[in-house]
>>> print(open('start_32.txt').read())   # compact mmCIF, C-alpha atoms
# COMPACT_ATOMS: atom_id res chain seq x y z
CA MET A 1 0.00 0.00 0.00
CA THR A 2 1.33 3.44 -0.94
CA ILE A 3 1.13 6.60 1.18
CA THR A 4 -1.45 7.93 -1.29
CA ASP A 5 -3.62 4.85 -0.71
CA LEU A 6 -3.28 5.36 3.04
CA MET A 7 -4.25 9.02 2.83
CA ASN A 8 -7.28 8.13 0.73
CA GLN A 9 -8.42 5.85 3.54
CA VAL A 10 -8.35 8.79 5.95
CA ASP A 11 -11.08 10.40 3.83
CA SER A 12 -13.07 7.30 2.95
CA ARG A 13 -13.13 6.05 6.56
CA GLN A 14 -13.80 9.40 8.17
CA ASP A 15 -16.70 7.97 10.18
CA GLU A 16 -14.26 5.78 12.12
CA LEU A 17 -12.13 8.78 13.01
CA ILE A 18 -15.21 10.71 14.12
CA GLU A 19 -16.27 7.75 16.26
CA ILE A 20 -12.94 7.82 18.12
CA LEU A 21 -13.25 11.59 18.61
CA THR A 22 -16.84 11.52 19.86
CA THR A 23 -15.95 8.71 22.24
CA LEU A 24 -13.14 10.80 23.73
CA ILE A 25 -15.37 13.90 24.02
CA ARG A 26 -17.97 11.95 26.00
CA TYR A 27 -15.44 11.35 28.75
CA GLU A 28 -15.92 14.37 31.02
CA THR A 29 -12.38 15.55 31.73
CA PRO A 30 -12.50 19.30 32.51
CA ALA A 31 -9.67 20.84 34.49
CA PRO A 32 -10.48 22.29 36.87
CA PRO A 33 -11.81 20.36 38.69
CA ALA A 34 -9.49 17.67 37.20
CA ARG A 35 -8.97 14.23 38.84
CA ASN A 36 -11.38 12.77 36.30
CA THR A 37 -9.40 11.29 33.39
CA LYS A 38 -8.97 7.67 34.47
CA GLU A 39 -11.71 6.17 32.30
CA ALA A 40 -10.62 8.14 29.25
CA GLN A 41 -7.00 7.19 29.78
CA ASN A 42 -7.99 3.53 30.16
CA TYR A 43 -9.65 3.80 26.75
CA VAL A 44 -6.41 5.09 25.22
CA ALA A 45 -4.33 2.43 26.95
CA LYS A 46 -6.63 -0.33 25.69
CA PHE A 47 -6.58 1.10 22.15
CA LEU A 48 -2.79 1.21 22.09
CA ALA A 49 -2.48 -2.29 23.54
CA GLN A 50 -4.76 -3.61 20.81
CA HIS A 51 -2.31 -2.15 18.29
CA ASN A 52 0.74 -3.85 19.75
CA PHE A 53 2.06 -1.06 21.99
CA ASN A 54 3.69 -1.83 25.32
CA ILE A 55 1.81 0.17 27.95
CA ASP A 56 3.19 2.11 30.89
CA THR A 57 0.69 3.96 33.06
CA TRP A 58 0.94 5.68 36.42
CA GLU A 59 -1.07 8.21 38.41
CA LEU A 60 0.30 11.72 38.47
CA TYR A 61 -2.61 12.53 40.81
CA PRO A 62 -5.46 10.34 42.08
CA ASN A 63 -7.77 9.46 39.19
CA ASP A 64 -5.50 11.35 36.77
CA PRO A 65 -3.12 8.80 35.23
CA ILE A 66 -0.57 9.25 32.47
CA VAL A 67 -0.48 6.68 29.65
CA VAL A 68 2.61 5.99 27.56
CA GLY A 69 2.57 3.39 24.80
CA THR A 70 5.77 2.29 23.09
CA LYS A 71 6.06 0.37 19.85
CA LYS A 72 9.60 -0.67 19.01
CA GLY A 73 10.76 -0.10 15.48
CA THR A 74 12.13 -2.81 13.24
CA HIS A 75 15.55 -1.08 13.24
CA SER A 76 15.50 0.91 16.49
CA GLN A 77 19.25 1.17 16.79
CA THR A 78 19.78 2.81 13.42
CA HIS A 79 16.62 4.84 12.79
CA GLN A 80 15.16 7.91 14.44
CA SER A 81 12.37 7.76 17.00
CA LEU A 82 9.20 9.82 17.35
CA ILE A 83 7.01 10.87 20.29
CA ILE A 84 3.36 11.74 19.68
CA ASN A 85 2.07 13.72 22.66
CA GLY A 86 -1.36 15.00 23.64
CA HIS A 87 -3.32 15.92 26.76
CA MET A 88 -6.61 14.39 27.87
CA ASP A 89 -7.82 17.24 30.10
CA VAL A 90 -9.99 19.98 28.58
CA ALA A 91 -10.84 23.54 29.65
CA GLU A 92 -13.30 23.95 32.49
CA ILE A 93 -16.97 24.71 31.84
CA GLN A 94 -18.01 28.25 32.75
CA ALA A 95 -21.59 28.95 33.82
CA ASP A 96 -22.12 31.57 31.11
CA GLU A 97 -21.10 29.37 28.16
CA LYS A 98 -23.93 29.08 25.63
CA TRP A 99 -24.04 25.39 24.78
CA LEU A 100 -27.06 24.08 22.86
CA THR A 101 -26.45 20.61 24.32
CA SER A 102 -24.25 19.20 27.04
CA PRO A 103 -20.62 20.16 26.37
CA PHE A 104 -19.77 16.48 26.58
CA GLU A 105 -22.45 15.27 24.18
CA PRO A 106 -20.78 15.80 20.80
CA VAL A 107 -22.72 17.21 17.88
CA VAL A 108 -21.57 16.06 14.43
CA THR A 109 -22.40 18.38 11.54
CA LYS A 110 -21.41 18.32 7.88
CA ASP A 111 -18.30 20.39 8.54
CA SER A 112 -17.37 19.95 12.18
CA VAL A 113 -17.62 18.12 15.47
CA ILE A 114 -18.78 20.30 18.36
CA GLY A 115 -18.01 19.46 21.97
CA ARG A 116 -15.70 20.49 24.78
CA GLY A 117 -12.18 19.53 23.81
CA ALA A 118 -12.95 18.73 20.16
CA ALA A 119 -10.08 20.98 19.08
CA ASP A 120 -8.08 21.27 22.30
CA MET A 121 -7.13 18.58 22.07
CA LYS A 122 -9.12 15.39 21.75
CA GLY A 123 -9.24 15.92 18.00
CA GLY A 124 -5.46 15.58 17.88
CA LEU A 125 -5.52 12.51 20.08
CA ALA A 126 -8.22 10.91 17.95
CA GLY A 127 -6.39 11.67 14.72
CA SER A 128 -3.18 10.15 16.07
CA LEU A 129 -4.89 7.01 17.30
CA PHE A 130 -6.64 6.60 13.95
CA ALA A 131 -3.31 6.99 12.13
CA ILE A 132 -1.84 4.24 14.29
CA GLN A 133 -4.79 2.01 13.42
CA LEU A 134 -4.41 2.64 9.69
CA LEU A 135 -0.67 1.92 9.77
CA GLN A 136 -1.19 -1.41 11.50
CA GLU A 137 -4.02 -2.47 9.23
CA ALA A 138 -1.87 -1.62 6.20
CA GLY A 139 0.95 -3.76 7.58
CA ILE A 140 3.33 -0.80 7.70
CA GLU A 141 6.04 -1.26 10.32
CA LEU A 142 8.06 1.81 11.28
CA LYS A 143 11.82 1.36 11.44
CA GLY A 144 12.21 3.71 14.41
CA ASP A 145 10.49 3.58 17.80
CA LEU A 146 7.06 5.22 18.16
CA ILE A 147 6.08 6.53 21.60
CA PHE A 148 2.53 7.74 22.28
CA GLU A 149 2.03 9.93 25.37
CA SER A 150 -1.45 10.77 26.64
CA VAL A 151 -0.90 13.15 29.53
CA ILE A 152 -2.98 15.24 31.92
CA GLY A 153 -2.72 18.64 33.54
CA GLU A 154 -2.12 20.88 30.52
CA GLU A 155 -5.08 23.15 31.24
CA VAL A 156 -4.04 23.88 34.83
CA GLY A 157 -0.28 24.02 34.57
CA GLU A 158 0.42 20.55 35.96
CA ALA A 159 3.46 18.80 34.63
CA GLY A 160 2.13 15.71 32.88
CA THR A 161 4.57 15.87 29.97
CA LEU A 162 7.43 16.77 32.31
CA GLN A 163 6.71 13.55 34.20
CA CYS A 164 7.20 11.58 30.99
CA CYS A 165 10.57 13.27 30.48
CA GLU A 166 11.59 12.61 34.07
CA LYS A 167 10.70 8.93 33.65
CA GLY A 168 13.14 8.77 30.76
CA TYR A 169 10.89 8.92 27.72
CA SER A 170 12.71 10.72 24.93
CA ALA A 171 12.99 10.61 21.15
CA ASP A 172 14.70 12.28 18.22
CA PHE A 173 11.51 14.17 17.36
CA ALA A 174 8.20 14.96 19.06
CA VAL A 175 4.88 16.11 17.63
CA ILE A 176 2.36 17.74 19.96
CA VAL A 177 -1.01 17.17 18.32
CA ASP A 178 -2.67 20.32 19.62
CA THR A 179 -4.71 22.78 17.54
CA SER A 180 -2.61 23.76 14.52
CA ASP A 181 -4.81 24.35 11.45
CA LEU A 182 -3.21 21.16 10.09
CA HIS A 183 0.27 22.57 9.66
CA ILE A 184 3.41 21.90 11.65
CA GLN A 185 4.55 24.81 13.76
CA GLY A 186 7.14 25.33 16.45
CA GLN A 187 6.52 26.43 20.00
CA GLY A 188 9.08 27.58 22.54
CA GLY A 189 7.33 26.27 25.62
CA VAL A 190 5.74 27.92 28.66
CA ILE A 191 6.94 28.91 32.11
CA THR A 192 4.14 29.79 34.54
CA GLY A 193 4.68 31.36 37.93
CA TRP A 194 3.37 33.84 40.48
CA ILE A 195 4.92 37.17 41.48
CA THR A 196 3.82 38.38 44.93
CA ILE A 197 4.22 41.86 46.39
CA LYS A 198 3.42 41.82 50.10
CA ASN A 199 3.70 44.35 52.90
CA PRO A 200 3.93 42.87 56.42
CA ASN A 201 1.91 45.89 57.64
CA THR A 202 -1.67 46.82 56.78
CA PHE A 203 -2.83 50.45 56.74
CA HIS A 204 -6.30 51.99 56.88
CA ASP A 205 -7.27 53.99 53.80
CA ALA A 206 -7.36 57.15 55.89
CA THR A 207 -3.56 57.01 55.96
CA ARG A 208 -3.26 57.21 52.18
CA ARG A 209 -2.89 61.01 52.24
CA ASN A 210 0.25 60.54 54.32
CA MET A 211 1.65 58.13 51.74
CA ILE A 212 1.15 60.20 48.61
CA HIS A 213 1.89 63.79 49.72
CA ALA A 214 5.32 65.24 50.34
CA GLY A 215 5.93 65.52 54.03
CA GLY A 216 3.27 62.99 54.87
CA GLY A 217 5.82 60.99 56.78
CA LEU A 218 4.52 57.52 55.86
CA ASN A 219 6.88 55.68 53.52
CA GLU A 220 4.42 53.07 52.27
CA ALA A 221 2.53 52.25 49.07
CA SER A 222 -0.33 50.18 47.71
CA ALA A 223 0.74 46.70 46.59
CA ILE A 224 -1.71 46.97 43.68
CA GLU A 225 -0.12 50.19 42.42
CA LYS A 226 3.36 48.74 42.80
CA MET A 227 2.26 45.72 40.79
CA MET A 228 1.01 48.05 38.05
CA LYS A 229 4.54 49.46 37.75
CA LEU A 230 5.94 45.94 37.64
CA ILE A 231 3.52 45.01 34.84
CA ALA A 232 4.64 48.08 32.88
CA SER A 233 8.26 46.95 33.31
CA LEU A 234 7.38 43.45 32.10
CA GLN A 235 5.78 44.99 29.01
CA GLU A 236 9.02 46.87 28.30
CA LEU A 237 10.94 43.60 28.64
CA GLU A 238 8.47 41.87 26.33
CA ARG A 239 9.02 44.52 23.63
CA HIS A 240 12.79 44.29 24.14
CA TRP A 241 12.69 40.52 23.67
CA ALA A 242 10.59 40.92 20.51
CA ILE A 243 13.54 42.76 18.97
CA THR A 244 16.53 41.00 20.53
CA LYS A 245 15.40 37.36 20.71
CA THR A 246 14.77 35.83 17.29
CA TYR A 247 14.90 32.20 16.22
CA GLU A 248 14.94 30.58 12.82
CA GLY A 249 11.49 29.39 11.85
CA TYR A 250 9.69 31.46 14.51
CA PRO A 251 7.92 34.78 13.89
CA PRO A 252 9.34 37.88 15.61
CA GLY A 253 7.91 38.43 19.06
CA THR A 254 7.47 34.75 19.84
CA ASN A 255 8.74 35.37 23.38
CA THR A 256 5.79 36.94 25.19
CA ILE A 257 5.02 37.75 28.81
CA ASN A 258 1.33 37.41 29.61
CA PRO A 259 -0.07 38.89 32.88
CA ALA A 260 -2.91 36.40 32.90
CA VAL A 261 -4.31 36.55 36.46
CA ILE A 262 -4.09 39.26 39.12
CA GLU A 263 -5.36 39.18 42.70
CA GLY A 264 -4.97 41.82 45.36
CA GLY A 265 -6.40 43.86 48.20
CA ARG A 266 -8.49 42.82 51.17
CA HIS A 267 -11.21 45.48 51.66
CA ALA A 268 -12.21 48.92 50.42
CA ALA A 269 -11.30 50.42 53.79
CA PHE A 270 -7.64 49.39 53.63
CA ILE A 271 -4.58 50.09 51.51
CA ALA A 272 -3.84 46.94 49.49
CA ASP A 273 -1.09 45.12 51.41
CA GLU A 274 -0.69 42.23 48.96
CA CYS A 275 -0.97 41.69 45.22
CA ARG A 276 -0.29 38.52 43.26
CA LEU A 277 0.34 38.30 39.51
>>> encode(input="start_32.txt", output="structure tokens")
Amino acid sequence: MTITDLMNQVDSRQDELIEILTTLIRYETPAPPARNTKEAQNYVAKFLAQHNFNIDTWELYPNDPIVVGTKKGTHSQTHQSLIINGHMDVAEIQADEKWLTSPFEPVVTKDSVIGRGAADMKGGLAGSLFAIQLLQEAGIELKGDLIFESVIGEEVGEAGTLQCCEKGYSADFAVIVDTSDLHIQGQGGVITGWITIKNPNTFHDATRRNMIHAGGGLNEASAIEKMMKLIASLQELERHWAITKTYEGYPPGTNTINPAVIEGGRHAAFIADECRL
């Protein structure tokens, strides 16, 4: 069978691909609350085992396991290996989202499949599993090792993929099957953290006039206002990086700094003594 024949099967057997995707969507795996992927991950593990993968699974958190399937190549020592990686958790459901049906009851239309996680990223997982099925049915054996990682925690910053690395899973190449408009693109990775500005003392708002006027005698400041200055500095750094940090194959400005969540203050009657970014 040629690659063209195989690609034609992707189109002619589309219903089978959609069946895998709708099955995955029906597993309710929003994060938060998380701790809910075990059944879905068992489905992936069983699918891979049926296609001659050796299965390794362990719980990163209770009821949130990681599944890694490995299929040795026919010439592992001399040919390059590949990791296919995807996450099983999906974004949480907000109360104001306007779903016509349950987010976990997929709707199949002529042009799309609608359901929580259809794009991010159960569609990628389904497509990868279907590709594995087609390769086996066609009798195509890869010369290099193929490693399939179904991880958890992507939506809430938990290190599912990092756990795979720490357990020793590596390859010459890796493809993350997240939303991509069906083209291969590079990504630099993400570092997430909190910055906290905290004053050990708390001041009533009546003291603010002493803070902001010359001669007031109170050398203090609002943690919220100090954080605003820090955010402005981060924006300057972001613009600096857009000019000074460039990488082949990546658009200018790939390095970004996103102030995604901010929390601060305790009550309208007090000067904010803490702010977290």
>>> residues_around(input="start_32.txt", residues="Asn63 in chain A", least_positions_apart="5", cutoff="12 Å", atoms="all atoms listed in the file", output="list in words")
Thr29, Pro33, Ala34, Arg35, Asn36, Thr37, Lys38, Glu39, Ala40, Gln41, Asn42, Thr57, Trp58, Asp89, Ile152 and Gly153 of chain A
>>> closest_residue(input="start_32.txt", among="A:Asp120, A:Leu134, A:Ala159, A:Tyr250", to="Gln185 in chain A", atoms="all atoms listed in the file")
A:Tyr250
>>> closest_residue(input="start_32.txt", among="A:Val113, A:Val156, A:Ala126, A:Ile231", to="Leu21 in chain A", atoms="only C-alpha atoms")
A:Ala126
>>> residues_around(input="start_32.txt", residues="Asn219 in chain A", least_positions_apart="3", cutoff="12 Å", atoms="all atoms listed in the file", output="list in words")
Asn199, Asn201, Phe203, Thr207, Arg208, Arg209, Asn210, Met211, Ile212, His213, Ala214, Gly215, Gly216 and Ser222 of chain A
>>> residues_near_point(input="start_32.txt", point="(-1.8, -2.2, 7.6)", cutoff="12 Å", atoms="all atoms listed in the file", output="PDB file with C-alpha atoms, keeping the file's coordinate frame")
ATOM      1  CA  MET A   1       0.000   0.000   0.000  1.00  0.00           C
ATOM      2  CA  THR A   2       1.330   3.440  -0.940  1.00  0.00           C
ATOM      3  CA  ILE A   3       1.130   6.600   1.180  1.00  0.00           C
ATOM      4  CA  ASP A   5      -3.620   4.850  -0.710  1.00  0.00           C
ATOM      5  CA  LEU A   6      -3.280   5.360   3.040  1.00  0.00           C
ATOM      6  CA  GLN A   9      -8.420   5.850   3.540  1.00  0.00           C
ATOM      7  CA  HIS A  51      -2.310  -2.150  18.290  1.00  0.00           C
ATOM      8  CA  PHE A 130      -6.640   6.600  13.950  1.00  0.00           C
ATOM      9  CA  ALA A 131      -3.310   6.990  12.130  1.00  0.00           C
ATOM     10  CA  ILE A 132      -1.840   4.240  14.290  1.00  0.00           C
ATOM     11  CA  GLN A 133      -4.790   2.010  13.420  1.00  0.00           C
ATOM     12  CA  LEU A 134      -4.410   2.640   9.690  1.00  0.00           C
ATOM     13  CA  LEU A 135      -0.670   1.920   9.770  1.00  0.00           C
ATOM     14  CA  GLN A 136      -1.190  -1.410  11.500  1.00  0.00           C
ATOM     15  CA  GLU A 137      -4.020  -2.470   9.230  1.00  0.00           C
ATOM     16  CA  ALA A 138      -1.870  -1.620   6.200  1.00  0.00           C
ATOM     17  CA  GLY A 139       0.950  -3.760   7.580  1.00  0.00           C
ATOM     18  CA  ILE A 140       3.330  -0.800   7.700  1.00  0.00           C
ATOM     19  CA  GLU A 141       6.040  -1.260  10.320  1.00  0.00           C
ATOM     20  CA  LEU A 142       8.060   1.810  11.280  1.00  0.00           C
TER      21      LEU A 142
END
>>> atom_distance(input="start_32.txt", atom1="CA of Arg276 in chain A", atom2="CA of Pro252 in chain A")
29.3 Å
>>> residues_around(input="start_32.txt", residues="Ser102 in chain A", least_positions_apart="2", cutoff="12 Å", atoms="all atoms listed in the file", output="list in words")
Ile25, Arg26, Tyr27, Glu28, Ile93, Glu97, Lys98, Trp99, Leu100, Phe104, Glu105, Pro106, Val107, Ile114, Gly115 and Arg116 of chain A
>>> residues_around(input="start_32.txt", residues="Glu225 in chain A", least_positions_apart="5", cutoff="10 Å", atoms="only C-alpha atoms", output="PyMOL selection string")
chain A and resi 230-231+272+275
>>> closest_residue(input="start_32.txt", among="A:Ala31, A:Leu129, A:Met121, A:Val10", to="Val44 in chain A", atoms="only C-alpha atoms")
A:Leu129
>>> closest_residue(input="start_32.txt", among="A:Ile262, A:Met88, A:Val108, A:Leu48", to="Leu125 in chain A", atoms="all atoms listed in the file")
A:Met88
>>> atom_distance(input="start_32.txt", atom1="CA of Lys71 in chain A", atom2="CA of Ile176 in chain A")
17.8 Å
>>> atom_distance(input="start_32.txt", atom1="CA of Ser76 in chain A", atom2="CA of Asn54 in chain A")
15.0 Å
>>> closest_residue(input="start_32.txt", among="A:His87, A:Lys110, A:His183, A:His267", to="Ile66 in chain A", atoms="only C-alpha atoms")
A:His87
>>> closest_residue(input="start_32.txt", among="A:Thr202, A:Asn258, A:Thr23, A:Thr74", to="Lys143 in chain A", atoms="only C-alpha atoms")
A:Thr74
>>> closest_atom_pairs(input="start_32.txt", of="range 214-271 of chain A", to="range 187-195 of chain A", cutoff="12 Å", atoms="all atoms listed in the file", output="JSON lines")
{"residue": "A:Ala223", "atom": "CA", "partner": "A:Ile195", "partner_atom": "CA", "distance": 11.6}
{"residue": "A:Lys226", "atom": "CA", "partner": "A:Ile195", "partner_atom": "CA", "distance": 11.7}
{"residue": "A:Met227", "atom": "CA", "partner": "A:Ile195", "partner_atom": "CA", "distance": 9.0}
{"residue": "A:Leu230", "atom": "CA", "partner": "A:Ile195", "partner_atom": "CA", "distance": 9.6}
{"residue": "A:Ile231", "atom": "CA", "partner": "A:Ile195", "partner_atom": "CA", "distance": 10.4}
{"residue": "A:Leu234", "atom": "CA", "partner": "A:Ile195", "partner_atom": "CA", "distance": 11.6}
{"residue": "A:Lys245", "atom": "CA", "partner": "A:Gly188", "partner_atom": "CA", "distance": 11.8}
{"residue": "A:Thr246", "atom": "CA", "partner": "A:Gly188", "partner_atom": "CA", "distance": 11.3}
{"residue": "A:Tyr247", "atom": "CA", "partner": "A:Gly188", "partner_atom": "CA", "distance": 9.8}
{"residue": "A:Glu248", "atom": "CA", "partner": "A:Gly188", "partner_atom": "CA", "distance": 11.7}
{"residue": "A:Gly249", "atom": "CA", "partner": "A:Gln187", "partner_atom": "CA", "distance": 10.0}
{"residue": "A:Tyr250", "atom": "CA", "partner": "A:Gln187", "partner_atom": "CA", "distance": 8.1}
{"residue": "A:Pro251", "atom": "CA", "partner": "A:Gln187", "partner_atom": "CA", "distance": 10.4}
{"residue": "A:Gly253", "atom": "CA", "partner": "A:Gly188", "partner_atom": "CA", "distance": 11.5}
{"residue": "A:Thr254", "atom": "CA", "partner": "A:Gly188", "partner_atom": "CA", "distance": 7.8}
{"residue": "A:Asn255", "atom": "CA", "partner": "A:Gly188", "partner_atom": "CA", "distance": 7.8}
{"residue": "A:Thr256", "atom": "CA", "partner": "A:Val190", "partner_atom": "CA", "distance": 9.7}
{"residue": "A:Ile257", "atom": "CA", "partner": "A:Ile191", "partner_atom": "CA", "distance": 9.6}
{"residue": "A:Asn258", "atom": "CA", "partner": "A:Thr192", "partner_atom": "CA", "distance": 9.5}
{"residue": "A:Pro259", "atom": "CA", "partner": "A:Trp194", "partner_atom": "CA", "distance": 9.8}
{"residue": "A:Ala260", "atom": "CA", "partner": "A:Thr192", "partner_atom": "CA", "distance": 9.8}
{"residue": "A:Val261", "atom": "CA", "partner": "A:Trp194", "partner_atom": "CA", "distance": 9.1}
{"residue": "A:Ile262", "atom": "CA", "partner": "A:Trp194", "partner_atom": "CA", "distance": 9.3}
{"residue": "A:Glu263", "atom": "CA", "partner": "A:Trp194", "partner_atom": "CA", "distance": 10.5}
{"residue": "A:Gly264", "atom": "CA", "partner": "A:Ile195", "partner_atom": "CA", "distance": 11.6}
>>> write_last_selection(input="start_32.txt", atoms="C-alpha atoms", output="mmCIF file, in the coordinates of the input")
data_model
loop_
_atom_site.group_PDB
_atom_site.id
_atom_site.type_symbol
_atom_site.label_atom_id
_atom_site.label_comp_id
_atom_site.auth_asym_id
_atom_site.auth_seq_id
_atom_site.Cartn_x
_atom_site.Cartn_y
_atom_site.Cartn_z
ATOM 1 C CA ALA A 223 0.740 46.700 46.590
ATOM 2 C CA LYS A 226 3.360 48.740 42.800
ATOM 3 C CA MET A 227 2.260 45.720 40.790
ATOM 4 C CA LEU A 230 5.940 45.940 37.640
ATOM 5 C CA ILE A 231 3.520 45.010 34.840
ATOM 6 C CA LEU A 234 7.380 43.450 32.100
ATOM 7 C CA LYS A 245 15.400 37.360 20.710
ATOM 8 C CA THR A 246 14.770 35.830 17.290
ATOM 9 C CA TYR A 247 14.900 32.200 16.220
ATOM 10 C CA GLU A 248 14.940 30.580 12.820
ATOM 11 C CA GLY A 249 11.490 29.390 11.850
ATOM 12 C CA TYR A 250 9.690 31.460 14.510
ATOM 13 C CA PRO A 251 7.920 34.780 13.890
ATOM 14 C CA GLY A 253 7.910 38.430 19.060
ATOM 15 C CA THR A 254 7.470 34.750 19.840
ATOM 16 C CA ASN A 255 8.740 35.370 23.380
ATOM 17 C CA THR A 256 5.790 36.940 25.190
ATOM 18 C CA ILE A 257 5.020 37.750 28.810
ATOM 19 C CA ASN A 258 1.330 37.410 29.610
ATOM 20 C CA PRO A 259 -0.070 38.890 32.880
ATOM 21 C CA ALA A 260 -2.910 36.400 32.900
ATOM 22 C CA VAL A 261 -4.310 36.550 36.460
ATOM 23 C CA ILE A 262 -4.090 39.260 39.120
ATOM 24 C CA GLU A 263 -5.360 39.180 42.700
ATOM 25 C CA GLY A 264 -4.970 41.820 45.360
#
>>> axis_aligned_box(input="start_32.txt", around="range 11-25 of chain A", padding_each_side="3 Å", output="JSON")
{"center_x": -14.0, "center_y": 9.8, "center_z": 13.5, "size_x": 11.8, "size_y": 14.1, "size_z": 27.1}
